[in-house]
$ cat upload_11.cif   # mmCIF, C-alpha atoms and all ligand atoms
data_work
loop_
_atom_site.label_atom_id
_atom_site.label_comp_id
_atom_site.auth_asym_id
_atom_site.auth_seq_id
_atom_site.Cartn_x
_atom_site.Cartn_y
_atom_site.Cartn_z
CA MET A 144 88.12 105.03 133.78
CA ARG A 145 87.50 105.82 137.47
CA VAL A 146 90.40 107.89 138.79
CA LEU A 147 91.02 108.91 142.39
CA ILE A 148 93.42 111.84 142.72
CA ILE A 149 95.13 112.46 146.05
CA GLY A 150 95.27 116.28 145.94
CA GLY A 151 94.16 117.65 142.60
CA THR A 152 92.77 121.13 143.22
CA ARG A 153 95.75 123.46 143.17
CA PHE A 154 98.00 123.31 140.09
CA ILE A 155 99.27 120.15 138.35
CA GLY A 156 96.64 117.90 139.93
CA ARG A 157 93.95 120.43 138.98
CA HIS A 158 95.03 120.29 135.30
CA ILE A 159 95.17 116.48 135.39
CA ALA A 160 91.65 116.39 136.86
CA SER A 161 90.29 118.78 134.27
CA THR A 162 91.98 116.91 131.37
CA LEU A 163 90.56 113.60 132.62
CA ILE A 164 87.05 115.00 133.03
CA ARG A 165 87.18 116.49 129.54
CA THR A 166 88.18 113.14 128.06
CA GLY A 167 85.33 111.25 129.69
CA HIS A 168 86.92 109.81 132.84
CA SER A 169 85.21 109.81 136.21
CA VAL A 170 87.30 111.72 138.76
CA CYS A 171 87.22 111.91 142.55
CA LEU A 172 89.57 114.23 144.48
CA PHE A 173 90.81 113.71 148.02
CA HIS A 174 91.82 117.00 149.65
CA ARG A 175 91.19 119.10 152.76
CA GLY A 176 88.72 121.49 151.14
CA SER A 177 90.86 124.58 151.58
CA THR A 178 91.41 125.01 147.82
CA PRO A 179 88.15 125.63 145.93
CA LEU A 180 86.96 123.34 143.12
CA GLU A 181 86.43 126.38 140.84
CA GLY A 182 86.50 125.27 137.20
CA LEU A 183 86.44 121.56 138.07
CA ASP A 184 82.80 120.80 137.27
CA GLY A 185 81.95 117.14 137.28
CA VAL A 186 84.47 115.91 139.86
CA SER A 187 83.40 114.39 143.13
CA GLU A 188 85.40 114.88 146.31
CA ILE A 189 86.28 113.22 149.58
CA LEU A 190 87.45 115.73 152.15
CA GLY A 191 90.15 114.77 154.60
CA GLU A 192 93.72 115.23 155.81
CA LYS A 193 96.44 113.09 154.24
CA GLU A 194 97.79 112.26 157.71
CA ASN A 195 94.66 110.15 158.10
CA LEU A 196 94.66 108.66 154.61
CA PRO A 197 94.24 104.98 155.68
CA SER A 198 91.10 105.83 157.63
CA TYR A 199 89.39 106.77 154.32
CA ARG A 200 90.04 103.36 152.74
CA GLU A 201 86.36 102.33 152.73
CA ARG A 202 85.27 105.69 151.27
CA PHE A 203 87.87 105.24 148.53
CA ARG A 204 86.70 101.67 147.87
CA ASP A 205 83.11 102.92 147.49
CA PHE A 206 84.30 105.04 144.55
CA HIS A 207 85.75 101.85 142.88
CA PRO A 208 88.88 103.56 141.54
CA GLU A 209 90.82 101.84 138.77
CA VAL A 210 93.81 104.12 139.21
CA ILE A 211 95.15 106.41 141.93
CA ILE A 212 97.17 109.51 141.03
CA ASP A 213 99.12 110.82 144.01
CA CYS A 214 100.00 114.53 143.81
CA ILE A 215 101.09 115.14 147.41
CA GLY A 216 103.59 112.44 148.32
CA TYR A 217 106.62 114.25 149.72
CA THR A 218 107.96 112.16 152.59
CA GLU A 219 108.62 108.55 153.62
CA THR A 220 105.60 108.80 155.89
CA ASP A 221 103.43 109.80 152.91
CA GLY A 222 104.77 106.75 151.04
CA ARG A 223 103.96 104.41 153.94
CA ARG A 224 100.41 105.78 154.14
CA LEU A 225 99.88 105.21 150.41
CA ILE A 226 100.98 101.59 150.83
CA GLU A 227 98.83 101.06 153.91
CA THR A 228 95.80 102.54 152.14
CA PHE A 229 96.03 101.11 148.63
CA ALA A 230 98.38 98.09 148.39
CA GLY A 231 96.64 94.88 147.43
CA TRP A 232 93.39 96.24 146.03
CA ILE A 233 94.19 99.06 143.63
CA PRO A 234 95.12 98.05 140.06
CA ARG A 235 97.37 101.03 139.28
CA LEU A 236 99.14 103.87 141.11
CA ILE A 237 100.70 106.92 139.48
CA PHE A 238 103.11 108.85 141.69
CA LEU A 239 104.13 112.40 140.78
CA SER A 240 107.80 112.71 141.61
CA SER A 241 110.36 115.31 140.65
CA CYS A 242 113.63 115.62 138.74
CA ASP A 243 115.12 116.81 142.03
CA VAL A 244 115.86 113.10 142.66
CA TYR A 245 118.86 113.37 140.31
CA ARG A 246 122.36 114.06 141.57
CA ALA A 247 122.50 117.12 139.31
CA HIS A 248 120.15 118.75 141.81
CA ALA A 249 122.71 118.34 144.60
CA VAL A 250 125.47 119.79 142.41
CA LEU A 251 123.25 122.73 141.49
CA HIS A 252 122.40 123.36 145.16
CA ARG A 253 126.05 122.97 146.26
CA ALA A 254 125.07 120.03 148.47
CA THR A 255 127.82 117.68 147.27
CA ASP A 256 131.40 117.62 146.01
CA ASP A 257 130.36 115.45 143.06
CA PRO A 258 131.40 116.72 139.65
CA VAL A 259 129.01 118.42 137.27
CA GLN A 260 126.60 115.78 135.93
CA ALA A 261 125.97 115.07 132.27
CA THR A 262 122.72 116.48 130.93
CA PRO A 263 120.03 116.11 129.73
CA LEU A 264 119.15 113.78 132.58
CA THR A 265 117.71 110.41 131.64
CA GLU A 266 115.96 107.96 133.96
CA GLU A 267 119.36 106.21 134.29
CA SER A 268 121.23 109.33 135.46
CA PRO A 269 122.74 109.05 138.96
CA LEU A 270 120.44 109.88 141.85
CA ARG A 271 121.30 112.17 144.75
CA THR A 272 123.17 110.62 147.64
CA ASN A 273 122.29 113.51 149.98
CA VAL A 274 118.94 113.31 151.74
CA TYR A 275 116.26 115.96 152.41
CA PRO A 276 117.33 118.30 149.59
CA TYR A 277 115.44 121.37 150.86
CA ARG A 278 116.01 121.01 154.63
CA LYS A 279 118.59 123.80 154.68
CA TYR A 280 115.89 126.19 153.37
CA ALA A 281 113.23 125.08 155.93
CA SER A 282 112.18 127.36 158.79
CA GLY A 283 111.76 124.33 161.09
CA PRO A 284 110.36 120.79 161.32
CA GLU A 285 106.82 122.02 160.46
CA ASP A 286 108.01 123.45 157.15
CA TRP A 287 107.23 121.02 154.24
CA ARG A 288 110.83 121.38 153.07
CA TYR A 289 112.17 119.75 156.24
CA ASP A 290 111.26 116.11 155.58
CA TYR A 291 110.69 116.36 151.83
CA ASP A 292 112.56 113.70 149.83
CA LYS A 293 110.93 111.86 146.93
CA ILE A 294 113.71 109.25 146.52
CA PRO A 295 112.64 106.98 149.40
CA VAL A 296 108.98 107.39 148.42
CA GLU A 297 109.69 106.29 144.84
CA ARG A 298 111.73 103.33 146.09
CA MET A 299 109.15 102.03 148.53
CA LEU A 300 106.25 102.38 146.08
CA LEU A 301 108.13 100.71 143.22
CA ALA A 302 109.21 97.84 145.47
CA GLN A 303 105.79 97.25 146.99
CA PRO A 304 104.06 94.09 145.74
CA GLY A 305 100.41 94.70 144.96
CA LEU A 306 100.93 98.27 143.83
CA ASN A 307 101.52 98.61 140.11
CA THR A 308 103.34 101.95 140.38
CA THR A 309 104.36 104.31 137.61
CA VAL A 310 106.57 107.19 138.70
CA PHE A 311 106.57 110.39 136.66
CA ARG A 312 109.55 112.67 137.38
CA LEU A 313 108.46 116.21 136.62
CA PRO A 314 110.59 119.18 135.56
CA ALA A 315 109.91 122.83 136.49
CA VAL A 316 106.24 123.09 135.59
CA HIS A 317 104.59 126.33 134.50
CA GLY A 318 101.15 127.42 133.37
CA PRO A 319 97.84 128.73 134.69
CA TRP A 320 97.50 128.33 138.49
CA ASP A 321 101.28 128.00 138.96
CA TYR A 322 101.74 129.09 142.56
CA GLN A 323 105.53 128.97 142.11
CA LEU A 324 105.03 131.79 139.59
CA ARG A 325 107.63 130.63 137.08
CA VAL A 326 106.33 132.91 134.33
CA TRP A 327 104.94 135.63 136.57
CA GLU A 328 108.29 136.20 138.32
CA HIS A 329 109.53 137.65 135.01
CA LEU A 330 106.24 138.89 133.57
CA ARG A 331 105.58 141.06 136.65
CA LYS A 332 108.61 143.19 135.70
CA MET A 333 107.54 143.70 132.09
CA GLU A 334 105.53 146.85 132.66
CA PRO A 335 105.27 149.34 129.78
CA GLY A 336 107.34 151.99 131.64
CA ARG A 337 110.19 149.69 132.59
CA LYS A 338 113.20 149.90 130.31
CA VAL A 339 115.60 147.29 131.70
CA ILE A 340 115.54 143.87 133.37
CA LEU A 341 118.85 142.66 134.84
CA LEU A 342 119.96 139.04 134.63
CA PRO A 343 123.14 137.74 136.33
CA GLU A 344 125.37 136.26 133.66
CA ALA A 345 125.74 132.75 135.16
CA PHE A 346 121.98 132.48 135.65
CA SER A 347 121.24 133.80 132.16
CA ASN A 348 123.32 130.99 130.62
CA TRP A 349 121.77 128.25 132.74
CA PHE A 350 119.44 125.69 131.09
CA TRP A 351 116.44 124.45 133.07
CA GLY A 352 114.13 121.64 131.92
CA ARG A 353 110.56 122.87 131.92
CA GLY A 354 107.14 121.46 131.24
CA TYR A 355 103.92 123.23 130.38
CA VAL A 356 101.26 122.02 132.79
CA GLU A 357 98.61 121.19 130.16
CA ASN A 358 101.23 119.11 128.31
CA ILE A 359 102.08 117.28 131.55
CA ALA A 360 98.38 116.63 132.19
CA ALA A 361 97.90 115.45 128.59
CA ALA A 362 100.84 113.05 128.95
CA ILE A 363 99.29 111.47 132.03
CA GLY A 364 95.85 111.31 130.39
CA HIS A 365 97.43 109.68 127.35
CA PHE A 366 99.23 107.18 129.57
CA LEU A 367 95.93 106.13 131.17
CA SER A 368 94.53 105.32 127.75
CA LYS A 369 97.35 102.78 127.25
CA LYS A 370 97.25 99.23 128.57
CA PRO A 371 98.43 99.03 132.19
CA ALA A 372 102.21 98.98 132.10
CA SER A 373 104.35 97.21 134.67
CA SER A 374 105.99 99.38 137.33
CA GLY A 375 108.32 101.94 135.84
CA VAL A 376 109.84 105.42 135.93
CA PHE A 377 109.45 108.13 133.30
CA ASN A 378 110.76 111.66 133.01
CA LEU A 379 108.34 114.24 131.63
CA SER A 380 109.55 117.48 130.09
CA ASP A 381 109.18 119.77 127.10
CA PRO A 382 111.46 118.48 124.34
CA VAL A 383 113.45 121.72 123.95
CA ALA A 384 115.10 123.41 126.92
CA LEU A 385 115.90 127.12 126.91
CA SER A 386 118.55 129.07 128.77
CA GLN A 387 117.15 131.53 131.30
CA LYS A 388 117.98 134.37 128.93
CA GLU A 389 116.04 132.70 126.13
CA TRP A 390 113.16 131.99 128.52
CA VAL A 391 112.90 135.66 129.57
CA GLU A 392 113.21 136.74 125.92
CA GLN A 393 110.34 134.43 124.93
CA ILE A 394 108.13 135.77 127.71
CA ALA A 395 108.99 139.35 126.69
CA ALA A 396 108.25 138.67 123.01
CA ILE A 397 104.86 137.16 123.77
CA ALA A 398 104.01 139.76 126.41
CA GLY A 399 104.92 142.52 123.93
CA TRP A 400 107.56 144.04 126.22
CA THR A 401 110.31 145.78 124.23
CA GLY A 402 112.75 146.80 126.98
CA GLU A 403 116.33 145.59 127.34
CA ILE A 404 117.35 142.34 129.04
CA MET A 405 120.74 143.36 130.41
CA ILE A 406 123.23 140.57 131.21
CA VAL A 407 125.60 141.59 134.03
CA PRO A 408 128.73 139.73 135.27
CA ASP A 409 127.78 138.17 138.62
CA GLU A 410 130.62 139.77 140.57
CA GLN A 411 129.25 143.23 139.73
CA LEU A 412 125.88 142.51 141.36
CA PRO A 413 124.85 142.70 145.03
CA ASP A 414 123.71 139.55 146.88
CA PRO A 415 119.92 139.75 146.42
CA LEU A 416 120.46 139.73 142.65
CA ARG A 417 122.83 136.73 142.64
CA PRO A 418 121.09 133.38 143.21
CA PRO A 419 123.36 131.14 145.32
CA TYR A 420 123.30 128.10 143.02
CA ASN A 421 126.04 126.49 140.95
CA PHE A 422 124.76 127.36 137.49
CA VAL A 423 127.55 125.44 135.77
CA GLN A 424 125.22 122.50 136.40
CA ASN A 425 122.40 122.64 133.87
CA TRP A 426 119.22 120.82 134.84
CA THR A 427 117.69 119.66 131.58
CA ILE A 428 115.60 116.54 131.16
CA ASP A 429 115.38 113.88 128.48
CA ALA A 430 111.78 112.63 128.31
CA SER A 431 112.18 110.60 125.12
CA ARG A 432 111.62 107.27 126.94
CA PHE A 433 108.02 108.26 127.67
CA ARG A 434 107.36 109.88 124.29
CA GLU A 435 108.60 106.78 122.45
CA MET A 436 106.98 104.19 124.72
CA ALA A 437 103.59 105.94 124.74
CA GLY A 438 103.62 107.45 121.25
CA PHE A 439 102.97 110.84 122.84
CA SER A 440 103.39 114.25 121.29
CA GLN A 441 102.64 117.43 123.20
CA PRO A 442 99.43 119.26 122.30
CA PHE A 443 100.86 122.75 123.02
CA THR A 444 103.99 124.39 121.56
CA LEU A 445 106.21 126.60 123.72
CA GLU A 446 104.70 129.72 122.15
CA GLU A 447 101.14 128.51 122.77
CA SER A 448 101.96 127.54 126.32
CA LEU A 449 103.37 130.99 127.08
CA GLU A 450 100.46 132.74 125.35
CA ARG A 451 98.01 130.78 127.48
CA THR A 452 99.97 131.35 130.69
CA ILE A 453 100.43 135.08 130.12
CA ALA A 454 96.76 135.53 129.23
CA TRP A 455 95.82 133.65 132.40
CA HIS A 456 98.09 135.75 134.62
CA ARG A 457 96.67 138.94 133.13
CA ALA A 458 93.14 137.82 133.98
CA HIS A 459 93.76 136.28 137.42
CA GLN A 460 95.51 137.16 140.62
CA LEU A 461 97.19 134.42 142.63
CA THR A 462 97.81 134.86 146.33
CA ILE A 463 101.52 135.43 146.77
CA SER A 464 103.18 134.49 150.06
CA ALA A 465 104.55 137.25 152.29
CA GLU A 466 107.98 135.55 152.08
CA GLN A 467 107.93 135.79 148.27
CA VAL A 468 106.71 139.40 148.26
CA GLU A 469 109.54 140.35 150.61
CA ARG A 470 112.13 138.56 148.45
CA TRP A 471 110.93 140.34 145.31
CA GLN A 472 110.92 143.66 147.14
CA GLN A 473 114.57 143.17 148.14
CA GLU A 474 115.50 142.23 144.56
CA ASP A 475 113.63 145.17 143.06
CA ASP A 476 115.24 147.62 145.51
CA ALA A 477 118.71 146.21 144.81
CA GLU A 478 118.11 146.35 141.06
CA HIS A 479 116.85 149.93 141.27
CA ARG A 480 119.91 151.02 143.26
CA TRP A 481 122.30 149.21 140.90
CA LEU A 482 120.75 150.83 137.82
CA ALA A 483 120.77 154.26 139.44
CA ARG A 484 124.52 153.91 140.17
CA SER A 485 125.58 152.65 136.75
N1 LIG A 501 105.27 122.48 140.32
C1 LIG A 501 106.37 121.93 139.88
O1 LIG A 501 107.15 122.55 139.16
C2 LIG A 501 106.72 120.52 140.27
C3 LIG A 501 107.95 120.02 139.88
C4 LIG A 501 108.28 118.71 140.21
C5 LIG A 501 107.37 117.94 140.92
N2 LIG A 501 106.18 118.46 141.29
C6 LIG A 501 105.24 117.61 142.03
O2 LIG A 501 103.97 117.64 141.45
C7 LIG A 501 103.00 117.30 142.44
C8 LIG A 501 101.77 118.11 142.23
O3 LIG A 501 101.78 119.34 142.94
P1 LIG A 501 100.58 120.39 142.87
O4 LIG A 501 100.69 121.27 144.09
O5 LIG A 501 100.59 121.07 141.58
O6 LIG A 501 99.30 119.45 143.04
P2 LIG A 501 97.77 119.66 143.24
O7 LIG A 501 97.24 118.29 143.41
O8 LIG A 501 97.16 120.50 142.17
O9 LIG A 501 97.66 120.49 144.61
C9 LIG A 501 97.88 120.01 145.88
C10 LIG A 501 96.58 119.40 146.44
O10 LIG A 501 96.74 118.72 147.65
C11 LIG A 501 95.73 119.10 148.59
N3 LIG A 501 96.40 119.01 149.89
C12 LIG A 501 97.48 119.72 150.30
N4 LIG A 501 97.85 119.32 151.54
C13 LIG A 501 96.98 118.34 151.91
C14 LIG A 501 96.84 117.54 153.08
N5 LIG A 501 97.66 117.70 154.12
N6 LIG A 501 95.85 116.63 153.11
C15 LIG A 501 94.99 116.47 152.07
N7 LIG A 501 95.08 117.21 150.93
C16 LIG A 501 96.05 118.14 150.85
C17 LIG A 501 95.31 120.50 148.15
O11 LIG A 501 93.99 120.82 148.42
P3 LIG A 501 93.50 121.43 149.84
O12 LIG A 501 94.37 122.63 150.08
O13 LIG A 501 92.06 121.74 149.64
O14 LIG A 501 93.73 120.34 150.82
C18 LIG A 501 95.45 120.34 146.63
O15 LIG A 501 94.30 119.68 146.14
C19 LIG A 501 103.70 117.39 143.78
O16 LIG A 501 103.96 116.08 144.25
C20 LIG A 501 105.02 118.07 143.45
O17 LIG A 501 106.08 117.66 144.30
C21 LIG A 501 105.83 119.73 140.99
#
$ encode --input "upload_11.cif" --output "structure tokens"
Amino acid sequence: MRVLIIGGTRFIGRHIASTLIRTGHSVCLFHRGSTPLEGLDGVSEILGEKENLPSYRERFRDFHPEVIIDCIGYTETDGRRLIETFAGWIPRLIFLSSCDVYRAHAVLHRATDDPVQATPLTEESPLRTNVYPYRKYASGPEDWRYDYDKIPVERMLLAQPGLNTTVFRLPAVHGPWDYQLRVWEHLRKMEPGRKVILLPEAFSNWFWGRGYVENIAAAIGHFLSKKPASSGVFNLSDPVALSQKEWVEQIAAIAGWTGEIMIVPDEQLPDPLRPPYNFVQNWTIDASRFREMAGFSQPFTLEESLERTIAWHRAHQLTISAEQVERWQQEDDAEHRWLARS
């Protein structure tokens, strides 16, 4: 199949591209050219800025795509550009959305007075009623978090005649190339000389739905091998969710770190060590609709996924933003002081 990926060189899109190439598909990536194609042999590319997506319509047509996979649709404007560019001539569109569309996200982020939502979240769970879920964290209108909201994008794509859209709502994804560092944020602390890692109690008991990136990519590859479905929405997630404590324990076991994971009542910890979220709200995901509809089972177990991710982190160095480095520095200093006092 001929697949055009909008994005596709950084993390999830990169794994989707590499899975599709490996399984015999023909893949073209649209991106700006700032992320290298390292490890993506066999793909072709069209370089451009997504703001100008419609102006590449003829270049896209020349590739004769049978399906588009959009990895960088964050705002209503992105949704409108997808429609303007592809509606009416493309047989199938896959849109990567997020489980942050569910109301549970607003409860977790203290953005609503709604009660704690039932979990695991299914595709029928209530959606957020607040808009722009990350605006309060944005530095200004140029920050991607300012206008980000996948709910209106999903709605407009699903409602658009001439676009046969499948929406995949993703959980917290981890694996090689994860620039959000969901394994590394714990692994980085598991040095041989370090004896203790602190976890705030509320956070340690919180369950977060996760997905290993190669399993997510395999699910999408598997979906393409099925007959075109009508428009629809599917959650993707690993079948078993862990609490944060269990997640850190798993990483430690596979990394061979034998120190103590110390659970501390939140009120005993200083601010930098207490995330501001409402951890009474778990954020776990039920992806059984997709598994049953598509007859999909994940190629990698949790253990295998962590082994692969840890091995990758030990062999590679990702660029870490100055903002992130500063946040970790503050946390490490606060943790050091707390341990020295107690
Ligand atoms: N990671 C998670 O846990 C998670 C959870 C839920 C949902 N999601 C969703 O999953 C999707 C995939 O994210 P990803 O970052 O892993 O995808 P990706 O496709 O691997 O990376 C982003 C791509 O977009 C290109 N790009 C960025 N800005 C661009 C622009 N202005 N114009 C043209 N190309 C641009 C980048 O290449 P260049 O830099 O070369 O342009 C890169 O190829 C996103 O929609 C995200 O919201 C992720």
$ closest_residue --input "upload_11.cif" --among "A:Gly176, A:Val310, A:Arg432, A:Ala247" --to "Asp213 in chain A" --atoms "only C-alpha atoms"
A:Val310
$ atom_distance --input "upload_11.cif" --atom1 "atom C5 of ligand LIG 501 (chain A)" --atom2 "CA of Cys214 in chain A"
8.6 Å
$ closest_atom_pairs --input "upload_11.cif" --of "chain A" --to "ligand LIG 501 (chain A)" --cutoff "6 Å" --atoms "all atoms listed in the file" --output "JSON lines"
{"residue": "A:Gly150", "atom": "CA", "partner": "A:LIG501", "partner_atom": "O10", "distance": 3.3}
{"residue": "A:Gly151", "atom": "CA", "partner": "A:LIG501", "partner_atom": "O7", "distance": 3.2}
{"residue": "A:Thr152", "atom": "CA", "partner": "A:LIG501", "partner_atom": "O15", "distance": 3.6}
{"residue": "A:Arg153", "atom": "CA", "partner": "A:LIG501", "partner_atom": "O8", "distance": 3.4}
{"residue": "A:Phe154", "atom": "CA", "partner": "A:LIG501", "partner_atom": "O8", "distance": 3.6}
{"residue": "A:Ile155", "atom": "CA", "partner": "A:LIG501", "partner_atom": "O5", "distance": 3.6}
{"residue": "A:Gly156", "atom": "CA", "partner": "A:LIG501", "partner_atom": "O8", "distance": 3.5}
{"residue": "A:Arg157", "atom": "CA", "partner": "A:LIG501", "partner_atom": "O8", "distance": 4.5}
{"residue": "A:His174", "atom": "CA", "partner": "A:LIG501", "partner_atom": "N7", "distance": 3.5}
{"residue": "A:Arg175", "atom": "CA", "partner": "A:LIG501", "partner_atom": "O14", "distance": 3.4}
{"residue": "A:Gly176", "atom": "CA", "partner": "A:LIG501", "partner_atom": "O13", "distance": 3.7}
{"residue": "A:Ser177", "atom": "CA", "partner": "A:LIG501", "partner_atom": "O13", "distance": 3.6}
{"residue": "A:Thr178", "atom": "CA", "partner": "A:LIG501", "partner_atom": "O13", "distance": 3.8}
{"residue": "A:Gly191", "atom": "CA", "partner": "A:LIG501", "partner_atom": "C15", "distance": 5.7}
{"residue": "A:Glu192", "atom": "CA", "partner": "A:LIG501", "partner_atom": "N6", "distance": 3.7}
{"residue": "A:Lys193", "atom": "CA", "partner": "A:LIG501", "partner_atom": "N6", "distance": 3.8}
{"residue": "A:Cys214", "atom": "CA", "partner": "A:LIG501", "partner_atom": "O16", "distance": 4.3}
{"residue": "A:Ile215", "atom": "CA", "partner": "A:LIG501", "partner_atom": "O16", "distance": 4.4}
{"residue": "A:Gly216", "atom": "CA", "partner": "A:LIG501", "partner_atom": "O16", "distance": 5.5}
{"residue": "A:Leu239", "atom": "CA", "partner": "A:LIG501", "partner_atom": "O16", "distance": 5.1}
{"residue": "A:Ser240", "atom": "CA", "partner": "A:LIG501", "partner_atom": "C5", "distance": 5.3}
{"residue": "A:Ser241", "atom": "CA", "partner": "A:LIG501", "partner_atom": "C5", "distance": 4.0}
{"residue": "A:Leu313", "atom": "CA", "partner": "A:LIG501", "partner_atom": "C4", "distance": 4.4}
{"residue": "A:Pro314", "atom": "CA", "partner": "A:LIG501", "partner_atom": "C3", "distance": 5.1}
{"residue": "A:Ala315", "atom": "CA", "partner": "A:LIG501", "partner_atom": "O1", "distance": 3.9}
{"residue": "A:Val316", "atom": "CA", "partner": "A:LIG501", "partner_atom": "O1", "distance": 3.7}
$ closest_residue --input "upload_11.cif" --among "A:Tyr280, A:Glu297, A:Leu306, A:Asn421" --to "Asp256 in chain A" --atoms "only C-alpha atoms"
A:Asn421
$ atom_distance --input "upload_11.cif" --atom1 "CA of Asn307 in chain A" --atom2 "CA of Phe229 in chain A"
10.4 Å
$ atom_distance --input "upload_11.cif" --atom1 "CA of Trp455 in chain A" --atom2 "CA of Trp320 in chain A"
8.3 Å
$ residues_around --input "upload_11.cif" --residues "Val259 in chain A" --least-positions-apart "3" --cutoff "9 Å" --atoms "all atoms listed in the file" --output "list in words"
Ala247, Val250, Leu251, Val423, Gln424 and Asn425 of chain A
$ write_last_selection --input "upload_11.cif" --atoms "C-alpha atoms" --output "mmCIF file, in the coordinates of the input"
data_model
loop_
_atom_site.group_PDB
_atom_site.id
_atom_site.type_symbol
_atom_site.label_atom_id
_atom_site.label_comp_id
_atom_site.auth_asym_id
_atom_site.auth_seq_id
_atom_site.Cartn_x
_atom_site.Cartn_y
_atom_site.Cartn_z
ATOM 1 C CA ALA A 247 122.500 117.120 139.310
ATOM 2 C CA VAL A 250 125.470 119.790 142.410
ATOM 3 C CA LEU A 251 123.250 122.730 141.490
ATOM 4 C CA VAL A 423 127.550 125.440 135.770
ATOM 5 C CA GLN A 424 125.220 122.500 136.400
ATOM 6 C CA ASN A 425 122.400 122.640 133.870
#
$ closest_residue --input "upload_11.cif" --among "A:Leu445, A:Ala254, A:Tyr420, A:Asp476" --to "Ile397 in chain A" --atoms "only C-alpha atoms"
A:Leu445
$ closest_residue --input "upload_11.cif" --among "A:Leu324, A:Gln441, A:Leu385, A:Pro335" --to "Ser464 in chain A" --atoms "all atoms listed in the file"
A:Leu324
$ closest_residue --input "upload_11.cif" --among "A:Pro179, A:Gly318, A:Pro208, A:Pro295" --to "Arg223 in chain A" --atoms "all atoms listed in the file"
A:Pro295
$ closest_residue --input "upload_11.cif" --among "A:His248, A:Arg235, A:Arg434, A:Arg145" --to "Leu264 in chain A" --atoms "only C-alpha atoms"
A:His248
$ residues_near_point --input "upload_11.cif" --point "(103.0, 111.1, 124.3)" --cutoff "9 Å" --atoms "all atoms listed in the file" --output "PDB file with C-alpha atoms, in the coordinates of the input"
ATOM      1  CA  ALA A 361      97.900 115.450 128.590  1.00  0.00           C
ATOM      2  CA  ALA A 362     100.840 113.050 128.950  1.00  0.00           C
ATOM      3  CA  ILE A 363      99.290 111.470 132.030  1.00  0.00           C
ATOM      4  CA  HIS A 365      97.430 109.680 127.350  1.00  0.00           C
ATOM      5  CA  PHE A 366      99.230 107.180 129.570  1.00  0.00           C
ATOM      6  CA  PHE A 433     108.020 108.260 127.670  1.00  0.00           C
ATOM      7  CA  ARG A 434     107.360 109.880 124.290  1.00  0.00           C
ATOM      8  CA  GLU A 435     108.600 106.780 122.450  1.00  0.00           C
ATOM      9  CA  MET A 436     106.980 104.190 124.720  1.00  0.00           C
ATOM     10  CA  ALA A 437     103.590 105.940 124.740  1.00  0.00           C
ATOM     11  CA  GLY A 438     103.620 107.450 121.250  1.00  0.00           C
ATOM     12  CA  PHE A 439     102.970 110.840 122.840  1.00  0.00           C
ATOM     13  CA  SER A 440     103.390 114.250 121.290  1.00  0.00           C
ATOM     14  CA  GLN A 441     102.640 117.430 123.200  1.00  0.00           C
TER      15      GLN A 441
END
$ closest_atom_pairs --input "upload_11.cif" --of "range 426-476 of chain A" --to "range 325-329 of chain A" --cutoff "9 Å" --atoms "all atoms listed in the file" --output "CSV"
residue,atom,partner,partner_atom,distance
A:Leu449,CA,A:Val326,CA,8.1
A:Thr452,CA,A:Val326,CA,7.5
A:Ile453,CA,A:Val326,CA,7.6
A:His456,CA,A:Trp327,CA,7.1
A:Trp471,CA,A:Glu328,CA,8.5
$ residues_around --input "upload_11.cif" --residues "Glu466 in chain A" --least-positions-apart "6" --cutoff "12 Å" --atoms "all atoms listed in the file" --output "number ranges by chain"
A: 282, 472-473
$ residues_around --input "upload_11.cif" --residues "range 265-267 of chain A" --least-positions-apart "4" --cutoff "8 Å" --atoms "only C-alpha atoms" --output "PDB file with C-alpha atoms, keeping the file's coordinate frame"
ATOM      1  CA  VAL A 376     109.840 105.420 135.930  1.00  0.00           C
ATOM      2  CA  PHE A 377     109.450 108.130 133.300  1.00  0.00           C
ATOM      3  CA  ASN A 378     110.760 111.660 133.010  1.00  0.00           C
ATOM      4  CA  ILE A 428     115.600 116.540 131.160  1.00  0.00           C
ATOM      5  CA  ASP A 429     115.380 113.880 128.480  1.00  0.00           C
ATOM      6  CA  ALA A 430     111.780 112.630 128.310  1.00  0.00           C
TER       7      ALA A 430
END
$ residues_near_point --input "upload_11.cif" --point "(106.3, 104.8, 141.8)" --cutoff "7 Å" --atoms "all atoms listed in the file" --output "number ranges by chain"
A: 237-238, 297, 300-301, 308-310, 375-376
$ residues_around --input "upload_11.cif" --residues "Ser169 in chain A" --least-positions-apart "5" --cutoff "10 Å" --atoms "only C-alpha atoms" --output "ChimeraX atom specification"
/A:144-147,160,163-164,185-187,206,208
